[in-house]
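Visitor: Structure file run_27.cif (mmCIF, C-alpha atoms) right here:
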```cif
data_entry
#
loop_
_atom_site.group_PDB
_atom_site.id
_atom_site.type_symbol
_atom_site.label_atom_id
_atom_site.label_comp_id
_atom_site.auth_asym_id
_atom_site.auth_seq_id
_atom_site.Cartn_x
_atom_site.Cartn_y
_atom_site.Cartn_z
ATOM 1 C CA GLY A 1 5.293 -6.027 -4.594
ATOM 2 C CA ASP A 2 3.520 -4.641 -7.655
ATOM 3 C CA ALA A 3 4.435 -1.318 -9.231
ATOM 4 C CA CYS A 4 2.043 1.553 -8.511
ATOM 5 C CA LEU A 5 0.286 1.481 -11.885
ATOM 6 C CA THR A 6 -0.301 -2.280 -11.662
ATOM 7 C CA ALA A 7 -1.493 -1.985 -8.069
ATOM 8 C CA CYS A 8 -3.910 0.815 -9.047
ATOM 9 C CA HIS A 9 -5.310 -1.290 -11.893
ATOM 10 C CA VAL A 10 -5.838 -4.342 -9.666
ATOM 11 C CA ALA A 11 -7.325 -2.176 -6.896
ATOM 12 C CA ALA A 12 -9.822 -0.720 -9.365
ATOM 13 C CA GLN A 13 -10.793 -4.206 -10.576
ATOM 14 C CA VAL A 14 -11.669 -5.306 -7.017
ATOM 15 C CA HIS A 15 -13.242 -1.934 -6.082
ATOM 16 C CA ILE A 16 -10.618 -0.915 -3.504
ATOM 17 C CA HIS A 17 -10.604 2.407 -5.255
ATOM 18 C CA THR A 18 -13.456 3.787 -7.314
ATOM 19 C CA ARG A 19 -12.464 7.410 -7.969
ATOM 20 C CA PRO A 20 -9.654 8.781 -10.115
ATOM 21 C CA CYS A 21 -6.367 7.588 -8.616
ATOM 22 C CA LEU A 22 -3.350 9.807 -8.054
ATOM 23 C CA VAL A 23 0.112 8.304 -7.533
ATOM 24 C CA LEU A 24 2.768 10.099 -5.486
ATOM 25 C CA THR A 25 5.595 10.443 -8.002
ATOM 26 C CA ALA A 26 9.273 11.133 -7.348
ATOM 27 C CA PRO A 27 11.066 14.068 -8.926
ATOM 28 C CA SER A 28 12.421 13.501 -12.411
ATOM 29 C CA PRO A 29 14.464 15.678 -14.811
ATOM 30 C CA GLY A 30 11.284 17.305 -16.156
ATOM 31 C CA THR A 31 9.621 17.650 -12.749
ATOM 32 C CA PRO A 32 12.042 18.685 -9.987
ATOM 33 C CA HIS A 33 9.525 18.165 -7.147
ATOM 34 C CA TRP A 34 7.364 15.351 -5.825
ATOM 35 C CA SER A 35 3.906 15.391 -7.394
ATOM 36 C CA TRP A 36 0.614 13.530 -7.475
ATOM 37 C CA LEU A 37 0.169 12.152 -10.987
ATOM 38 C CA SER A 38 -2.968 10.510 -12.364
ATOM 39 C CA VAL A 39 -2.660 7.032 -13.839
ATOM 40 C CA ASP A 40 -3.318 8.375 -17.342
ATOM 41 C CA GLU A 41 -0.934 11.321 -16.656
ATOM 42 C CA SER A 42 -3.652 13.871 -17.457
ATOM 43 C CA VAL A 43 -3.519 15.392 -13.968
ATOM 44 C CA SER A 44 -0.391 16.499 -12.115
ATOM 45 C CA LEU A 45 -0.649 18.243 -8.759
ATOM 46 C CA PRO A 46 2.266 19.375 -6.610
ATOM 47 C CA TYR A 47 2.937 17.416 -3.431
ATOM 48 C CA ASP A 48 2.039 19.636 -0.477
ATOM 49 C CA PRO A 49 3.796 18.791 2.807
ATOM 50 C CA ALA A 50 1.408 20.957 4.859
ATOM 51 C CA LYS A 51 -0.657 19.336 7.576
ATOM 52 C CA GLY A 52 -4.045 18.243 6.215
ATOM 53 C CA ALA A 53 -2.987 18.418 2.547
ATOM 54 C CA ILE A 54 -3.121 14.659 1.950
ATOM 55 C CA ARG A 55 -6.522 14.394 3.617
ATOM 56 C CA ARG A 56 -7.862 17.274 1.485
ATOM 57 C CA LEU A 57 -6.546 15.646 -1.684
ATOM 58 C CA ALA A 58 -8.098 12.315 -0.668
ATOM 59 C CA ALA A 59 -11.513 13.974 -0.442
ATOM 60 C CA ALA A 60 -11.658 14.072 -4.250
ATOM 61 C CA HIS A 61 -9.226 11.334 -5.328
ATOM 62 C CA ASP A 62 -8.095 7.870 -4.325
ATOM 63 C CA LEU A 63 -4.387 7.902 -3.561
ATOM 64 C CA CYS A 64 -1.553 5.454 -4.221
ATOM 65 C CA VAL A 65 1.880 5.597 -2.619
ATOM 66 C CA GLY A 66 4.943 3.473 -3.316
ATOM 67 C CA GLY A 67 7.789 2.754 -0.934
ATOM 68 C CA ASP A 68 9.803 5.751 -2.141
ATOM 69 C CA GLY A 69 6.817 8.033 -1.584
ATOM 70 C CA LEU A 70 6.275 6.589 1.873
ATOM 71 C CA VAL A 71 9.844 7.576 2.788
ATOM 72 C CA GLU A 72 9.127 11.155 1.664
ATOM 73 C CA ILE A 73 5.837 11.241 3.579
ATOM 74 C CA ALA A 74 7.531 9.975 6.747
ATOM 75 C CA LYS A 75 10.300 12.611 6.401
ATOM 76 C CA ARG A 76 7.609 15.302 6.222
ATOM 77 C CA GLY A 77 5.801 14.028 9.334
ATOM 78 C CA GLN A 78 2.645 13.062 7.425
ATOM 79 C CA MET A 79 2.621 9.326 8.199
ATOM 80 C CA GLU A 80 -0.527 9.290 10.356
ATOM 81 C CA GLU A 81 -2.429 11.387 7.846
ATOM 82 C CA ALA A 82 -1.224 9.310 4.896
ATOM 83 C CA VAL A 83 -2.019 5.843 6.238
ATOM 84 C CA CYS A 84 -5.585 6.948 6.883
ATOM 85 C CA ALA A 85 -6.026 8.606 3.472
ATOM 86 C CA VAL A 86 -4.077 6.398 1.037
ATOM 87 C CA ARG A 87 -6.100 3.579 -0.554
ATOM 88 C CA VAL A 88 -3.256 1.693 -2.281
ATOM 89 C CA PHE A 89 0.292 1.017 -1.091
ATOM 90 C CA ALA A 90 2.643 -0.519 -3.668
ATOM 91 C CA ARG A 91 6.253 -1.691 -3.623
ATOM 92 C CA VAL A 92 6.702 -1.102 0.088
ATOM 93 C CA ALA A 93 9.553 -2.746 1.982
ATOM 94 C CA PRO A 94 8.842 -5.204 4.818
ATOM 95 C CA ASP A 95 9.709 -2.619 7.493
ATOM 96 C CA GLN A 96 7.381 -0.120 5.803
ATOM 97 C CA LYS A 97 4.515 -2.638 5.988
ATOM 98 C CA GLU A 98 5.151 -2.903 9.721
ATOM 99 C CA GLN A 99 5.335 0.899 10.003
ATOM 100 C CA ILE A 100 1.962 1.286 8.261
ATOM 101 C CA LEU A 101 0.345 -1.240 10.604
ATOM 102 C CA GLN A 102 1.989 0.227 13.716
ATOM 103 C CA THR A 103 0.733 3.669 12.734
ATOM 104 C CA LEU A 104 -2.821 2.409 12.184
ATOM 105 C CA ARG A 105 -2.720 0.599 15.532
ATOM 106 C CA SER A 106 -1.389 3.715 17.305
ATOM 107 C CA LEU A 107 -4.473 5.532 16.025
ATOM 108 C CA GLY A 108 -6.697 2.953 17.716
ATOM 109 C CA LEU A 109 -7.710 1.166 14.516
ATOM 110 C CA THR A 110 -8.082 -2.595 14.192
ATOM 111 C CA THR A 111 -5.784 -4.039 11.542
ATOM 112 C CA LEU A 112 -5.686 -7.081 9.303
ATOM 113 C CA MET A 113 -2.692 -7.988 7.167
ATOM 114 C CA CYS A 114 -2.823 -10.535 4.403
ATOM 115 C CA GLY A 115 0.559 -11.666 3.099
ATOM 116 C CA ASP A 116 2.018 -14.341 0.879
ATOM 117 C CA GLY A 117 5.735 -14.339 1.558
ATOM 118 C CA THR A 118 8.389 -14.503 4.232
ATOM 119 C CA ASN A 119 8.925 -10.747 3.814
ATOM 120 C CA ASP A 120 5.398 -10.265 5.244
ATOM 121 C CA VAL A 121 6.023 -12.054 8.570
ATOM 122 C CA GLY A 122 6.782 -8.897 10.578
ATOM 123 C CA ALA A 123 3.670 -7.145 9.320
ATOM 124 C CA LEU A 124 1.554 -10.267 9.839
ATOM 125 C CA LYS A 125 2.700 -10.355 13.471
ATOM 126 C CA THR A 126 2.131 -6.605 13.918
ATOM 127 C CA ALA A 127 -1.490 -6.730 12.739
ATOM 128 C CA HIS A 128 -4.311 -7.629 15.080
ATOM 129 C CA CYS A 129 -5.126 -10.377 12.613
ATOM 130 C CA GLY A 130 -2.476 -11.755 10.269
ATOM 131 C CA VAL A 131 -3.525 -14.034 7.420
ATOM 132 C CA ALA A 132 -0.757 -15.925 5.634
ATOM 133 C CA LEU A 133 -1.596 -17.113 2.142
ATOM 134 C CA LEU A 134 0.364 -20.275 1.503
ATOM 135 C CA GLN A 135 0.291 -22.827 -1.235
ATOM 136 C CA ALA A 136 1.868 -26.196 -0.577
ATOM 137 C CA THR A 137 3.950 -27.712 -3.347
ATOM 138 C CA GLY A 138 3.544 -31.345 -4.378
ATOM 139 C CA SER A 139 6.219 -32.588 -1.970
ATOM 140 C CA GLN A 140 4.584 -30.720 0.939
ATOM 141 C CA ARG A 141 1.036 -31.940 0.413
ATOM 142 C CA PRO A 142 -0.185 -34.819 2.546
ATOM 143 C CA ARG A 143 -0.242 -38.057 0.601
ATOM 144 C CA ARG A 144 -3.490 -39.901 0.168
ATOM 145 C CA ARG A 145 -3.539 -43.458 1.314
ATOM 146 C CA ARG A 146 -4.890 -45.963 -1.110
ATOM 147 C CA GLY A 147 -7.414 -48.483 0.083
ATOM 148 C CA THR A 148 -6.336 -52.126 0.279
ATOM 149 C CA GLY A 149 -9.472 -53.782 -0.676
#
```
The structure in this file should be written as C-alpha coordinates.

Guide:
Amino acid sequence: GDACLTACHVAAQVHIHTRPCLVLTAPSPGTPHWSWLSVDESVSLPYDPAKGAIRRLAAAHDLCVGGDGLVEIAKRGQMEEAVCAVRVFARVAPDQKEQILQTLRSLGLTTLMCGDGTNDVGALKTAHCGVALLQATGSQRPRRRRGTG
(Lines of atoms letter the chains of each structure in order from A and count residues from 1; the text may use other names and numbers.)
(Lines give C-alpha, C1' and ligand atoms only; values in the text may rest on other atoms or scores of the structure.)
Protein backbone atom coordinates (compact mmCIF):
# COMPACT_ATOMS: atom_id res chain seq x y z
CA GLY A 1 0.00 0.00 0.00
CA ASP A 2 2.98 2.35 0.14
CA ALA A 3 3.55 5.10 -2.41
CA CYS A 4 6.25 4.40 -5.00
CA LEU A 5 8.93 6.58 -3.41
CA THR A 6 8.39 4.99 0.01
CA ALA A 7 8.37 1.51 -1.49
CA CYS A 8 11.62 2.24 -3.36
CA HIS A 9 13.27 3.48 -0.16
CA VAL A 10 12.20 0.41 1.84
CA ALA A 11 13.22 -1.91 -1.02
CA ALA A 12 16.68 -0.34 -1.08
CA GLN A 13 17.03 -0.76 2.70
CA VAL A 14 16.36 -4.52 2.45
CA HIS A 15 18.38 -4.92 -0.80
CA ILE A 16 15.42 -5.78 -3.06
CA HIS A 17 16.87 -3.24 -5.42
CA THR A 18 20.49 -2.19 -5.52
CA ARG A 19 20.77 -0.11 -8.71
CA PRO A 20 19.29 3.29 -9.49
CA CYS A 21 15.50 2.96 -9.40
CA LEU A 22 13.17 4.37 -12.03
CA VAL A 23 9.47 4.85 -11.30
CA LEU A 24 6.86 4.71 -14.07
CA THR A 25 5.22 8.12 -13.78
CA ALA A 26 1.85 9.25 -15.13
CA PRO A 27 1.53 12.23 -17.43
CA SER A 28 1.29 15.61 -15.75
CA PRO A 29 0.81 19.17 -17.07
CA GLY A 30 4.56 19.55 -17.63
CA THR A 31 5.04 16.05 -19.05
CA PRO A 32 2.22 14.96 -21.37
CA HIS A 33 3.43 11.34 -21.67
CA TRP A 34 4.20 8.46 -19.33
CA SER A 35 7.86 8.44 -18.32
CA TRP A 36 10.38 6.61 -16.16
CA LEU A 37 11.57 9.03 -13.49
CA SER A 38 14.43 8.45 -11.06
CA VAL A 39 13.71 8.78 -7.35
CA ASP A 40 15.82 11.95 -7.15
CA GLU A 41 14.21 13.22 -10.41
CA SER A 42 17.62 13.60 -12.08
CA VAL A 43 16.75 11.11 -14.83
CA SER A 44 13.60 11.12 -16.96
CA LEU A 45 13.20 8.65 -19.81
CA PRO A 46 10.15 8.32 -22.05
CA TYR A 47 7.98 5.25 -21.57
CA ASP A 48 8.41 3.02 -24.62
CA PRO A 49 5.51 0.64 -25.34
CA ALA A 50 7.58 -1.43 -27.80
CA LYS A 51 8.13 -5.10 -27.11
CA GLY A 52 11.35 -5.63 -25.15
CA ALA A 53 11.65 -1.98 -24.03
CA ILE A 54 10.97 -2.68 -20.35
CA ARG A 55 13.43 -5.56 -20.31
CA ARG A 56 16.11 -3.38 -21.95
CA LEU A 57 15.53 -0.62 -19.41
CA ALA A 58 15.72 -3.14 -16.56
CA ALA A 59 19.18 -4.20 -17.73
CA ALA A 60 20.59 -0.95 -16.33
CA HIS A 61 18.01 0.12 -13.73
CA ASP A 62 15.74 -1.35 -11.09
CA LEU A 63 12.13 -0.51 -11.89
CA CYS A 64 9.13 0.45 -9.76
CA VAL A 65 5.53 0.49 -10.95
CA GLY A 66 2.42 1.67 -9.13
CA GLY A 67 -1.13 0.55 -9.75
CA ASP A 68 -1.77 3.32 -12.29
CA GLY A 69 1.36 2.34 -14.20
CA LEU A 70 0.33 -1.31 -14.15
CA VAL A 71 -2.94 -0.35 -15.86
CA GLU A 72 -0.97 1.43 -18.60
CA ILE A 73 1.40 -1.52 -19.00
CA ALA A 74 -1.51 -3.96 -19.28
CA LYS A 75 -3.20 -1.74 -21.91
CA ARG A 76 0.01 -1.84 -23.96
CA GLY A 77 0.29 -5.64 -23.76
CA GLN A 78 3.52 -5.57 -21.74
CA MET A 79 2.29 -7.39 -18.62
CA GLU A 80 4.43 -10.53 -19.01
CA GLU A 81 7.53 -8.49 -19.72
CA ALA A 82 6.86 -6.10 -16.84
CA VAL A 83 6.22 -8.64 -14.09
CA CYS A 84 9.53 -10.29 -14.89
CA ALA A 85 11.49 -7.02 -15.03
CA VAL A 86 9.94 -4.81 -12.33
CA ARG A 87 11.55 -5.12 -8.88
CA VAL A 88 9.04 -3.07 -6.85
CA PHE A 89 5.25 -2.87 -7.15
CA ALA A 90 3.56 -0.17 -5.05
CA ARG A 91 -0.04 0.88 -4.46
CA VAL A 92 -1.51 -1.96 -6.48
CA ALA A 93 -5.15 -2.95 -6.08
CA PRO A 94 -6.09 -6.43 -4.83
CA ASP A 95 -7.07 -7.60 -8.34
CA GLN A 96 -3.74 -6.31 -9.67
CA LYS A 97 -1.87 -8.40 -7.07
CA GLU A 98 -3.75 -11.44 -8.35
CA GLN A 99 -3.00 -10.44 -11.96
CA ILE A 100 0.74 -10.18 -11.21
CA LEU A 101 0.76 -13.63 -9.60
CA GLN A 102 -1.36 -15.20 -12.35
CA THR A 103 1.01 -13.80 -14.95
CA LEU A 104 4.08 -15.14 -13.14
CA ARG A 105 2.41 -18.54 -12.78
CA SER A 106 1.45 -18.58 -16.49
CA LEU A 107 5.14 -18.16 -17.26
CA GLY A 108 5.92 -21.31 -15.27
CA LEU A 109 7.41 -19.50 -12.27
CA THR A 110 6.86 -20.53 -8.66
CA THR A 111 5.26 -17.76 -6.62
CA LEU A 112 5.10 -16.73 -2.99
CA MET A 113 2.85 -13.96 -1.72
CA CYS A 114 3.20 -12.41 1.69
CA GLY A 115 0.27 -10.27 2.79
CA ASP A 116 -1.04 -8.59 5.91
CA GLY A 117 -4.63 -7.68 5.17
CA THR A 118 -7.96 -8.97 3.95
CA ASN A 119 -7.31 -7.24 0.61
CA ASP A 120 -4.45 -9.74 0.07
CA VAL A 121 -6.59 -12.91 0.34
CA GLY A 122 -7.10 -13.36 -3.41
CA ALA A 123 -3.40 -12.99 -4.13
CA LEU A 124 -2.48 -15.25 -1.21
CA LYS A 125 -4.74 -17.95 -2.67
CA THR A 126 -3.37 -17.41 -6.20
CA ALA A 127 0.27 -17.89 -5.17
CA HIS A 128 1.81 -21.32 -4.89
CA CYS A 129 2.63 -20.37 -1.32
CA GLY A 130 0.64 -17.70 0.50
CA VAL A 131 1.92 -16.37 3.82
CA ALA A 132 -0.51 -14.30 5.88
CA LEU A 133 1.09 -11.99 8.42
CA LEU A 134 -1.32 -11.62 11.30
CA GLN A 135 -1.03 -10.07 14.70
CA ALA A 136 -3.57 -11.04 17.32
CA THR A 137 -4.95 -8.28 19.51
CA GLY A 138 -5.21 -8.67 23.28
CA SER A 139 -8.75 -10.05 23.14
CA GLN A 140 -7.73 -12.64 20.53
CA ARG A 141 -4.67 -13.99 22.30
CA PRO A 142 -5.02 -17.21 24.26
CA ARG A 143 -5.19 -16.55 27.98
CA ARG A 144 -2.60 -18.05 30.25
CA ARG A 145 -3.87 -20.15 33.06
CA ARG A 146 -2.52 -19.37 36.46
CA GLY A 147 -1.29 -22.19 38.62
CA THR A 148 -3.30 -23.04 41.74
CA GLY A 149 -0.58 -23.99 44.02

Visitor: Which residues are close to A:Thr118, i.e. within 10 Å by all atoms listed in the file, leaving aside same-chain residues fewer than 3 positions away? Reply as JSON, numbers by chain.

Guide: {"A": [94, 115, 121, 122, 124, 132]}

Visitor: Write the residues of the preceding selection, restricted to C-alpha atoms, as an mmCIF file, keeping the file's coordinate frame.

Guide:
```
data_model
loop_
_atom_site.group_PDB
_atom_site.id
_atom_site.type_symbol
_atom_site.label_atom_id
_atom_site.label_comp_id
_atom_site.auth_asym_id
_atom_site.auth_seq_id
_atom_site.Cartn_x
_atom_site.Cartn_y
_atom_site.Cartn_z
ATOM 1 C CA PRO A 94 8.842 -5.204 4.818
ATOM 2 C CA GLY A 115 0.559 -11.666 3.099
ATOM 3 C CA VAL A 121 6.023 -12.054 8.570
ATOM 4 C CA GLY A 122 6.782 -8.897 10.578
ATOM 5 C CA LEU A 124 1.554 -10.267 9.839
ATOM 6 C CA ALA A 132 -0.757 -15.925 5.634
#
```

Visitor: As lines of an AutoDock Vina configuration file, what would the box around stretch 54-73 of chain A look like: edges along x, y and z, 6 Å added on every side, centre and edge lengths in Å to one decimal?

Guide:
```
center_x = -0.9
center_y = 10.0
center_z = -0.9
size_x = 33.5
size_y = 26.5
size_z = 20.9
```

Visitor: Fewer than 6 positions away in the same chain doesn't count, so skip those; otherwise give me all residues within 7 Å of A:Cys21, counting only C-alpha atoms, as a list in words.

Guide: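 Here the answer would be Ser38, Val39, His61, Asp62, Leu63 and Cys64 of chain A.
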
Visitor: Quick one: residues within 12 Å of A:Lys97, only C-alpha atoms counted, chain neighbours fewer than 5 positions away excluded, as a ChimeraX atom specification?

Guide: /A:1,66-67,70-71,83,89-92,102-104,111-115,119-127

Visitor: Kindly give the distance, in Å, that separates atom CA of A:His17 and atom CA of A:Gln135, rounded to a single decimal.

Guide: 27.8 Å

Visitor: Can you turn the PyMOL selection byres ((chain A and resi 58) around 12) into a concrete residue list for this file, as a PyMOL selection string?

Guide: chain A and resi 17+19-23+36+52-57+59-64+81-88
